[in-house]
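Next up, target_0.cif (mmCIF, C-alpha atoms):
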```cif
data_model
loop_
_atom_site.label_atom_id
_atom_site.label_comp_id
_atom_site.auth_asym_id
_atom_site.auth_seq_id
_atom_site.Cartn_x
_atom_site.Cartn_y
_atom_site.Cartn_z
CA MET A 1312 -44.12 -51.13 33.73
CA GLY A 1313 -41.00 -49.00 34.07
CA THR A 1314 -37.66 -50.67 34.49
CA LEU A 1315 -34.19 -49.47 35.29
CA ASP A 1316 -32.02 -49.12 32.19
CA PRO A 1317 -29.76 -52.22 31.92
CA THR A 1318 -27.14 -50.21 30.02
CA CYS A 1319 -25.17 -47.10 31.01
CA ASN A 1320 -26.40 -43.93 29.28
CA PHE A 1321 -22.81 -42.68 29.05
CA CYS A 1322 -20.68 -45.62 27.86
CA GLY A 1323 -23.29 -48.21 26.77
CA GLN A 1324 -21.87 -50.90 29.09
CA GLU A 1325 -24.24 -53.43 30.62
CA ILE A 1326 -24.86 -52.64 34.28
CA ARG A 1327 -26.88 -53.87 37.22
CA TRP A 1328 -28.63 -51.89 39.91
CA LYS A 1329 -27.94 -52.41 43.59
CA GLU A 1330 -30.06 -51.16 46.44
CA ASP A 1331 -28.94 -50.17 49.92
CA LYS A 1332 -30.88 -50.36 53.18
CA GLY A 1333 -32.09 -46.79 52.76
CA GLY A 1334 -33.95 -47.61 49.55
CA HIS A 1335 -31.43 -45.92 47.25
CA PHE A 1336 -30.21 -47.50 44.02
CA TYR A 1337 -26.94 -47.11 42.17
CA PRO A 1338 -25.33 -48.78 39.12
CA VAL A 1339 -22.71 -51.49 39.54
CA ASN A 1340 -20.51 -53.49 37.16
CA GLU A 1341 -20.71 -57.27 36.72
CA ASN A 1342 -18.18 -57.68 39.53
CA GLY A 1343 -20.35 -55.67 41.92
CA GLU A 1344 -18.09 -52.61 41.96
CA PRO A 1345 -19.72 -49.14 41.56
CA HIS A 1346 -19.95 -48.29 37.87
CA ILE A 1347 -19.73 -44.48 37.87
CA PRO A 1348 -16.01 -44.25 38.94
CA THR A 1349 -15.03 -46.61 36.11
CA CYS A 1350 -17.44 -45.35 33.43
CA THR A 1351 -15.40 -44.59 30.31
CA GLY A 1352 -18.10 -42.31 28.96
CA ASN A 1353 -18.23 -40.07 32.03
CA PRO A 1354 -16.23 -36.88 31.26
CA MET A 1355 -15.85 -36.16 34.98
CA ARG A 1356 -14.33 -39.57 35.86
CA ASP A 1357 -10.71 -38.46 36.26
CA LYS A 1358 -11.41 -35.24 38.18
CA PRO A 1359 -11.48 -34.89 42.00
CA LYS A 1360 -14.83 -35.68 43.55
CA GLN A 1361 -15.72 -32.12 44.55
CA ALA A 1362 -14.58 -30.85 41.17
CA GLN A 1363 -16.87 -33.41 39.55
CA ILE A 1364 -19.86 -32.12 41.48
CA ASP A 1365 -19.10 -28.46 40.83
CA ALA A 1366 -18.18 -28.94 37.18
CA ALA A 1367 -21.12 -31.20 36.41
CA SER A 1368 -23.56 -28.51 37.48
CA THR A 1369 -22.08 -25.76 35.31
CA PRO A 1370 -23.37 -24.79 31.86
CA GLN A 1371 -19.90 -25.43 30.42
CA ALA A 1372 -19.95 -29.07 31.54
CA SER A 1373 -23.43 -29.56 30.14
CA GLN A 1374 -22.41 -28.08 26.80
CA GLU A 1375 -19.30 -30.30 26.60
CA ALA A 1376 -21.43 -33.37 27.21
CA GLN A 1377 -23.82 -32.56 24.36
CA THR A 1378 -23.18 -34.49 21.15
CA PRO A 1379 -23.78 -33.01 18.69
CA LYS A 1380 -23.85 -29.44 20.06
CA PRO A 1381 -26.98 -27.51 19.13
CA GLN A 1382 -26.57 -24.35 17.09
CA THR A 1383 -29.15 -22.52 19.17
CA PRO A 1384 -29.68 -23.56 22.83
CA ALA A 1385 -33.30 -24.29 23.62
CA PRO A 1386 -34.95 -21.99 26.19
CA LYS A 1387 -35.97 -23.46 29.53
CA GLU A 1388 -39.65 -23.26 28.59
CA ALA A 1389 -39.06 -25.56 25.61
CA ILE A 1390 -37.89 -28.56 27.63
CA ALA A 1391 -41.30 -29.93 28.55
CA PRO A 1392 -43.00 -29.73 25.12
CA LYS A 1393 -39.83 -30.78 23.30
CA THR A 1394 -39.41 -34.04 25.24
CA GLN A 1395 -43.05 -34.90 25.87
CA GLY A 1396 -44.09 -38.24 24.41
CA LYS A 1397 -40.68 -39.31 23.15
CA ALA A 1398 -37.48 -40.85 24.44
CA PHE A 1399 -34.93 -38.60 26.08
CA SER A 1400 -31.59 -38.28 24.34
CA ALA A 1401 -28.22 -37.40 25.86
CA LEU A 1402 -28.86 -33.83 24.70
CA ASP A 1403 -32.19 -33.67 26.56
CA ILE A 1404 -30.57 -34.97 29.75
CA ALA A 1405 -27.92 -32.26 29.43
CA GLU A 1406 -30.70 -29.66 29.20
CA VAL A 1407 -32.46 -31.07 32.26
CA THR A 1408 -29.16 -30.99 34.14
CA LYS A 1409 -28.54 -27.40 33.11
CA VAL A 1410 -31.98 -26.18 34.19
CA THR A 1411 -32.25 -28.12 37.46
CA GLY A 1412 -28.61 -27.76 38.52
CA ILE A 1413 -28.47 -31.48 39.37
CA PRO A 1414 -25.42 -33.41 38.04
CA ARG A 1415 -26.15 -35.98 35.34
CA GLY A 1416 -25.02 -38.84 37.57
CA PHE A 1417 -28.05 -38.21 39.80
CA ILE A 1418 -30.60 -38.27 36.95
CA MET A 1419 -31.81 -41.55 35.45
CA LEU A 1420 -34.13 -42.56 32.63
CA MET A 1421 -37.00 -44.98 33.21
CA GLY A 1422 -39.92 -46.20 31.18
CA GLU A 1423 -40.78 -48.27 28.14
CA PRO A 1424 -38.57 -47.82 25.06
CA GLY A 1425 -39.55 -44.62 23.33
CA LYS A 1426 -41.36 -43.31 26.42
CA GLU A 1427 -38.49 -42.84 28.86
CA ARG A 1428 -38.75 -40.02 31.37
CA PRO A 1429 -36.10 -38.49 33.67
CA PHE A 1430 -36.18 -39.08 37.43
CA VAL A 1431 -33.89 -37.71 40.09
CA LEU A 1432 -32.19 -39.85 42.73
CA GLY A 1433 -32.47 -38.89 46.38
CA GLU A 1434 -28.77 -38.07 46.44
CA GLY A 1435 -29.34 -35.47 43.73
CA LEU A 1436 -32.01 -33.74 45.83
CA LEU A 1437 -29.72 -33.73 48.86
CA TYR A 1438 -26.99 -32.19 46.70
CA LYS A 1439 -29.36 -29.49 45.40
CA GLY A 1440 -30.77 -28.83 48.88
CA GLU A 1441 -27.30 -28.52 50.42
CA ARG A 1442 -26.27 -25.97 47.81
CA LYS A 1443 -29.37 -23.87 48.50
CA GLY A 1444 -28.85 -24.19 52.24
CA TYR A 1445 -30.93 -25.79 54.97
CA ARG A 1446 -30.30 -26.19 58.70
CA SER A 1447 -31.91 -29.57 59.28
CA ILE A 1448 -34.58 -32.04 58.23
CA GLN A 1449 -36.73 -33.76 60.85
CA ILE A 1450 -38.63 -36.96 60.02
CA GLU A 1451 -41.63 -38.15 62.04
CA ILE A 1452 -42.96 -41.63 61.26
CA GLU A 1453 -46.22 -43.30 62.19
CA GLN A 1454 -47.52 -46.76 61.37
CA LEU A 1455 -50.64 -47.06 59.23
CA ILE A 1456 -53.22 -49.53 60.57
CA ASP A 1457 -56.21 -50.98 58.76
CA VAL A 1458 -59.24 -49.52 60.54
CA LYS A 1459 -61.41 -52.58 59.87
CA GLY A 1460 -59.02 -55.47 60.35
CA GLY A 1461 -56.46 -53.87 62.62
CA GLN A 1462 -53.60 -55.11 60.42
CA PRO A 1463 -50.54 -52.93 59.71
CA LEU A 1464 -50.61 -51.41 56.24
CA GLY A 1465 -47.28 -49.62 56.15
CA PHE A 1466 -45.89 -46.28 57.27
CA LYS A 1467 -46.49 -42.57 56.84
CA ALA A 1468 -43.69 -40.05 57.32
CA LYS A 1469 -43.74 -36.29 57.81
CA ALA A 1470 -40.62 -34.36 56.79
CA THR A 1471 -39.96 -30.86 58.13
CA LEU A 1472 -37.11 -28.83 56.63
CA TRP A 1473 -35.76 -25.64 58.19
CA PRO A 1474 -33.99 -23.32 55.72
CA LYS A 1475 -30.83 -21.41 56.52
CA LEU A 1476 -31.07 -17.65 56.79
CA LYS A 1477 -29.28 -15.94 53.91
CA ARG A 1478 -27.13 -12.82 54.10
CA GLU A 1479 -29.94 -10.70 52.74
CA ASP A 1480 -32.25 -12.08 55.46
CA TYR A 1481 -29.88 -10.83 58.15
CA GLU A 1482 -29.79 -7.45 56.41
CA VAL A 1483 -33.57 -7.28 56.65
CA LEU A 1484 -33.47 -8.12 60.36
CA LYS A 1485 -30.73 -5.55 60.94
CA HIS A 1486 -32.84 -2.71 59.54
CA LEU A 1487 -36.08 -3.56 61.33
CA PRO A 1488 -37.58 -1.08 63.79
CA GLN A 1489 -36.59 -1.63 67.42
CA ASP A 1490 -39.77 -3.56 68.09
CA PRO A 1491 -39.38 -7.11 69.53
CA ALA A 1492 -42.82 -8.20 68.34
CA THR A 1493 -42.14 -7.15 64.76
CA ALA A 1494 -38.66 -8.69 64.78
CA LYS A 1495 -40.07 -11.98 66.05
CA LEU A 1496 -42.80 -12.00 63.39
CA VAL A 1497 -40.32 -11.33 60.56
CA LEU A 1498 -37.85 -13.92 61.87
CA GLU A 1499 -40.59 -16.55 62.06
CA GLU A 1500 -41.58 -15.79 58.47
CA LEU A 1501 -38.00 -15.95 57.16
CA SER A 1502 -37.33 -19.26 58.91
CA ARG A 1503 -40.73 -20.81 58.21
CA PRO A 1504 -40.21 -24.57 57.65
CA PHE A 1505 -41.15 -26.58 54.57
CA ILE A 1506 -43.34 -29.65 55.21
CA ASP A 1507 -44.27 -32.64 53.06
CA TYR A 1508 -45.26 -36.28 53.49
CA GLY A 1509 -44.47 -39.73 52.14
CA THR A 1510 -46.07 -43.14 52.54
CA ALA A 1511 -44.92 -46.69 51.89
CA THR A 1512 -47.45 -49.52 51.80
CA ALA A 1513 -48.00 -52.73 49.88
CA ASP A 1514 -50.19 -50.71 47.51
CA ASN A 1515 -47.50 -48.23 46.44
CA VAL A 1516 -44.38 -50.42 46.71
CA LYS A 1517 -44.16 -53.21 44.14
CA MET A 1518 -40.63 -54.46 44.82
CA LYS A 1519 -40.79 -57.45 47.15
CA THR A 1520 -37.24 -56.80 48.30
CA MET A 1521 -38.37 -53.47 49.78
CA MET A 1522 -41.18 -54.89 51.94
CA PRO A 1523 -38.95 -55.24 55.04
CA TYR A 1524 -37.91 -51.59 54.65
CA LEU A 1525 -41.27 -49.81 54.32
CA ARG A 1526 -40.47 -47.61 57.32
CA GLU A 1527 -37.18 -46.45 55.79
CA LEU A 1528 -38.78 -45.97 52.36
CA ALA A 1529 -41.57 -43.80 53.79
CA SER A 1530 -38.90 -41.66 55.45
CA THR A 1531 -36.92 -41.40 52.19
CA ARG A 1532 -40.01 -40.45 50.19
CA ALA A 1533 -40.99 -37.74 52.66
CA ARG A 1534 -37.44 -36.37 52.69
CA ASN A 1535 -37.30 -36.33 48.88
CA ARG A 1536 -40.65 -34.60 48.59
CA VAL A 1537 -39.79 -31.84 51.05
CA LEU A 1538 -36.46 -31.30 49.26
CA ARG A 1539 -38.30 -31.08 45.95
CA LEU A 1540 -40.60 -28.46 47.48
CA PHE A 1541 -37.68 -26.54 49.03
CA THR A 1542 -35.59 -26.50 45.84
CA ALA A 1543 -38.53 -26.11 43.41
CA CYS A 1544 -37.44 -29.28 41.59
CA GLY A 1545 -40.12 -30.52 39.21
CA LEU A 1546 -38.58 -33.97 38.67
CA THR A 1547 -40.17 -36.90 40.49
CA SER A 1548 -37.64 -38.82 42.56
CA TYR A 1549 -36.97 -42.46 41.75
CA GLU A 1550 -37.75 -43.56 45.31
CA GLU A 1551 -41.32 -42.28 44.93
CA LEU A 1552 -42.13 -44.71 42.11
CA ALA A 1553 -44.23 -47.78 42.83
CA GLU A 1554 -43.42 -49.93 39.80
CA ALA A 1555 -39.64 -49.60 39.75
CA GLU A 1556 -37.95 -52.93 39.18
CA VAL A 1557 -34.36 -53.53 40.22
CA VAL A 1558 -31.94 -55.94 38.58
CA GLU A 1559 -30.54 -57.61 41.65
CA GLN A 1560 -26.89 -58.53 41.96
CA GLU A 1561 -26.39 -62.30 41.90
#
```
Here is the file; what I need is its structure written in the form of structure tokens.
Amino acid sequence: MGTLDPTCNFCGQEIRWKEDKGGHFYPVNENGEPHIPTCTGNPMRDKPKQAQIDAASTPQASQEAQTPKPQTPAPKEAIAPKTQGKAFSALDIAEVTKVTGIPRGFIMLMGEPGKERPFVLGEGLLYKGERKGYRSIQIEIEQLIDVKGGQPLGFKAKATLWPKLKREDYEVLKHLPQDPATAKLVLEELSRPFIDYGTATADNVKMKTMMPYLRELASTRARNRVLRLFTACGLTSYEELAEAEVVEQE
């Protein structure tokens, strides 16, 4: 069963994981304060927040974080076979960050020792989606009921994401023939929404502390999945996992 890493991947300090009402998890110190701002191993700690986000997603930041630096950078295609079946190192995480464009602070390792895999936090998908550009995300939620017994099972959510039109999209519309029907058809195609789903039930949520928040978790899973589809992100989000265990703050 996968567990959250009890030590920081950057500085090696012991940490705990705290969950909020939305089903998101973030590292905290022993005193309950967020760990990332005080992490001594985080090279972005002393920079302004926006600069951290921008710098962390650049190839230069990824290369600075690699220790030791490789003589020949691995191609994108080599990431999957290179890391398959073994633990991820700091170098591998830097490669994942470089390819996905998601800052390292939003990527976490989970799994048994020697079999860790990277997962992206929901905040990382929101960051990636915002940079690509979307107008809005609509969530529709319905309760799942046991057909035989009539007992509630959990919730199912549908997430619909509408992308923003890019400059080149407006150029296409500008040069269309003066035909309203054609313009409408092209506009509908350019603004076609992305749709995906997420469920949260007792069968796919193992954390007892999340049982009162199945509705919120279903919404979060649907949102994460549609953002993964929109941004072509191949990493599974942490909130989609069933077996994740959280070290609760005492």
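Residue selection for this entry, given the PyMOL selection byres ((chain A and resi 1468) around 8), comprises Ile1450, Glu1451, Ile1452, Glu1453, Phe1466, Lys1467, Lys1469, Ala1470, Tyr1508, Gly1509, Thr1510, Ala1529, Ser1530 and Ala1533 of chain A.
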As a check of understanding, name the residues that the PyMOL selection byres ((chain A and resi 1498-1503) around 8) selects in the supplied structure, as a CSV table (one decimal) with C-alpha atoms, in the coordinates of the input.
```
chain,number,residue,atom,x,y,z
A,1473,TRP,CA,-35.8,-25.6,58.2
A,1474,PRO,CA,-34.0,-23.3,55.7
A,1475,LYS,CA,-30.8,-21.4,56.5
A,1476,LEU,CA,-31.1,-17.6,56.8
A,1480,ASP,CA,-32.2,-12.1,55.5
A,1484,LEU,CA,-33.5,-8.1,60.4
A,1494,ALA,CA,-38.7,-8.7,64.8
A,1495,LYS,CA,-40.1,-12.0,66.0
A,1496,LEU,CA,-42.8,-12.0,63.4
A,1497,VAL,CA,-40.3,-11.3,60.6
A,1504,PRO,CA,-40.2,-24.6,57.6
A,1505,PHE,CA,-41.2,-26.6,54.6
```
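You will find atom CA of Ile1413 of chain A at 20.9 Å from atom CA of Asp1507 of chain A.
In terms of minimum interatomic distance to Gln1454 of chain A, A:Ala1511 ranks closest within A:Thr1520, A:Ala1511, A:Arg1534, A:Gln1489, counting only C-alpha atoms.
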Just give me the gap between atom CA of Arg1532 of chain A and atom CA of Tyr1549 of chain A in Å, one decimal is fine.
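Distance between the two atoms: 9.2 Å.
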Residues matched by the PyMOL selection byres ((chain A and resi 1341) around 9) as a VMD selection string
chain A and resid 1325 to 1327 1339 to 1340 1342 to 1344 1560
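Atom CA of Val1410 of chain A is found 21.5 Å from atom CA of Glu1551 of chain A.
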Report, as lines of an AutoDock Vina configuration file, the centre and edge lengths in Å (one decimal) of the axis-aligned box enclosing every listed atom of segment 1424-1430 of chain A, padded by 3 Å on each side.
```
center_x = -38.7
center_y = -43.2
center_z = 30.4
size_x = 11.3
size_y = 15.3
size_z = 20.1
```
Which residues come within 7 Å of Ile1506 of chain A, counting all atoms listed in the file, excluding same-chain residues fewer than 5 positions away, as a ChimeraX atom specification?
/A:1470-1472,1537
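Remark: for Leu1525 of chain A, the closest of the candidate residues A:Ala1513, A:Ile1456, A:Leu1436, A:Val1431 is A:Ala1513 (distances computed over only C-alpha atoms).
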Residue nearest Arg1536 of chain A among A:Leu1420, A:Gln1462, A:Glu1550, A:Glu1482 (counting all atoms listed in the file)
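Result for the nearest residue to Arg1536 of chain A: A:Glu1550.
The smallest atom-to-atom distance between Lys1519 of chain A and any of A:Cys1322, A:Ala1553, A:Gly1460, A:Gln1449, using all atoms listed in the file, is found for A:Ala1553.
Counting only C-alpha atoms, the residue from A:Cys1319, A:Leu1464, A:Met1419, A:Ile1404 that sits nearest to Ser1548 of chain A is A:Met1419.
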Give me segment 1448-1462 of chain A with N, CA and C atoms filled in, as a PDB file, keeping the file's coordinate frame.
```
ATOM      1  N   ILE A1448     -33.347 -31.393  58.656  1.00  0.00           N
ATOM      2  CA  ILE A1448     -34.580 -32.040  58.230  1.00  0.00           C
ATOM      3  C   ILE A1448     -34.998 -33.012  59.331  1.00  0.00           C
ATOM      4  N   GLN A1449     -36.209 -32.878  59.802  1.00  0.00           N
ATOM      5  CA  GLN A1449     -36.730 -33.760  60.850  1.00  0.00           C
ATOM      6  C   GLN A1449     -37.795 -34.671  60.242  1.00  0.00           C
ATOM      7  N   ILE A1450     -37.680 -35.969  60.542  1.00  0.00           N
ATOM      8  CA  ILE A1450     -38.630 -36.960  60.020  1.00  0.00           C
ATOM      9  C   ILE A1450     -39.429 -37.545  61.186  1.00  0.00           C
ATOM     10  N   GLU A1451     -40.735 -37.508  61.073  1.00  0.00           N
ATOM     11  CA  GLU A1451     -41.630 -38.150  62.040  1.00  0.00           C
ATOM     12  C   GLU A1451     -42.379 -39.266  61.327  1.00  0.00           C
ATOM     13  N   ILE A1452     -42.373 -40.459  61.912  1.00  0.00           N
ATOM     14  CA  ILE A1452     -42.960 -41.630  61.260  1.00  0.00           C
ATOM     15  C   ILE A1452     -44.053 -42.230  62.135  1.00  0.00           C
ATOM     16  N   GLU A1453     -45.149 -42.603  61.491  1.00  0.00           N
ATOM     17  CA  GLU A1453     -46.220 -43.300  62.190  1.00  0.00           C
ATOM     18  C   GLU A1453     -46.661 -44.510  61.377  1.00  0.00           C
ATOM     19  N   GLN A1454     -47.085 -45.537  62.055  1.00  0.00           N
ATOM     20  CA  GLN A1454     -47.520 -46.760  61.370  1.00  0.00           C
ATOM     21  C   GLN A1454     -48.977 -46.619  60.955  1.00  0.00           C
ATOM     22  N   LEU A1455     -49.264 -47.085  59.742  1.00  0.00           N
ATOM     23  CA  LEU A1455     -50.640 -47.060  59.230  1.00  0.00           C
ATOM     24  C   LEU A1455     -51.312 -48.393  59.551  1.00  0.00           C
ATOM     25  N   ILE A1456     -52.488 -48.325  60.160  1.00  0.00           N
ATOM     26  CA  ILE A1456     -53.220 -49.530  60.570  1.00  0.00           C
ATOM     27  C   ILE A1456     -54.558 -49.585  59.854  1.00  0.00           C
ATOM     28  N   ASP A1457     -54.907 -50.766  59.375  1.00  0.00           N
ATOM     29  CA  ASP A1457     -56.210 -50.980  58.760  1.00  0.00           C
ATOM     30  C   ASP A1457     -57.302 -50.794  59.810  1.00  0.00           C
ATOM     31  N   VAL A1458     -58.196 -49.834  59.562  1.00  0.00           N
ATOM     32  CA  VAL A1458     -59.240 -49.520  60.540  1.00  0.00           C
ATOM     33  C   VAL A1458     -60.152 -50.716  60.785  1.00  0.00           C
ATOM     34  N   LYS A1459     -60.477 -51.460  59.739  1.00  0.00           N
ATOM     35  CA  LYS A1459     -61.410 -52.580  59.870  1.00  0.00           C
ATOM     36  C   LYS A1459     -60.747 -53.816  60.474  1.00  0.00           C
ATOM     37  N   GLY A1460     -59.637 -54.226  59.905  1.00  0.00           N
ATOM     38  CA  GLY A1460     -59.020 -55.470  60.350  1.00  0.00           C
ATOM     39  C   GLY A1460     -57.965 -55.330  61.415  1.00  0.00           C
ATOM     40  N   GLY A1461     -57.483 -54.089  61.622  1.00  0.00           N
ATOM     41  CA  GLY A1461     -56.460 -53.870  62.620  1.00  0.00           C
ATOM     42  C   GLY A1461     -55.076 -54.334  62.201  1.00  0.00           C
ATOM     43  N   GLN A1462     -54.897 -54.653  60.909  1.00  0.00           N
ATOM     44  CA  GLN A1462     -53.600 -55.110  60.420  1.00  0.00           C
ATOM     45  C   GLN A1462     -52.747 -53.926  59.968  1.00  0.00           C
TER      46      GLN A1462
END
```
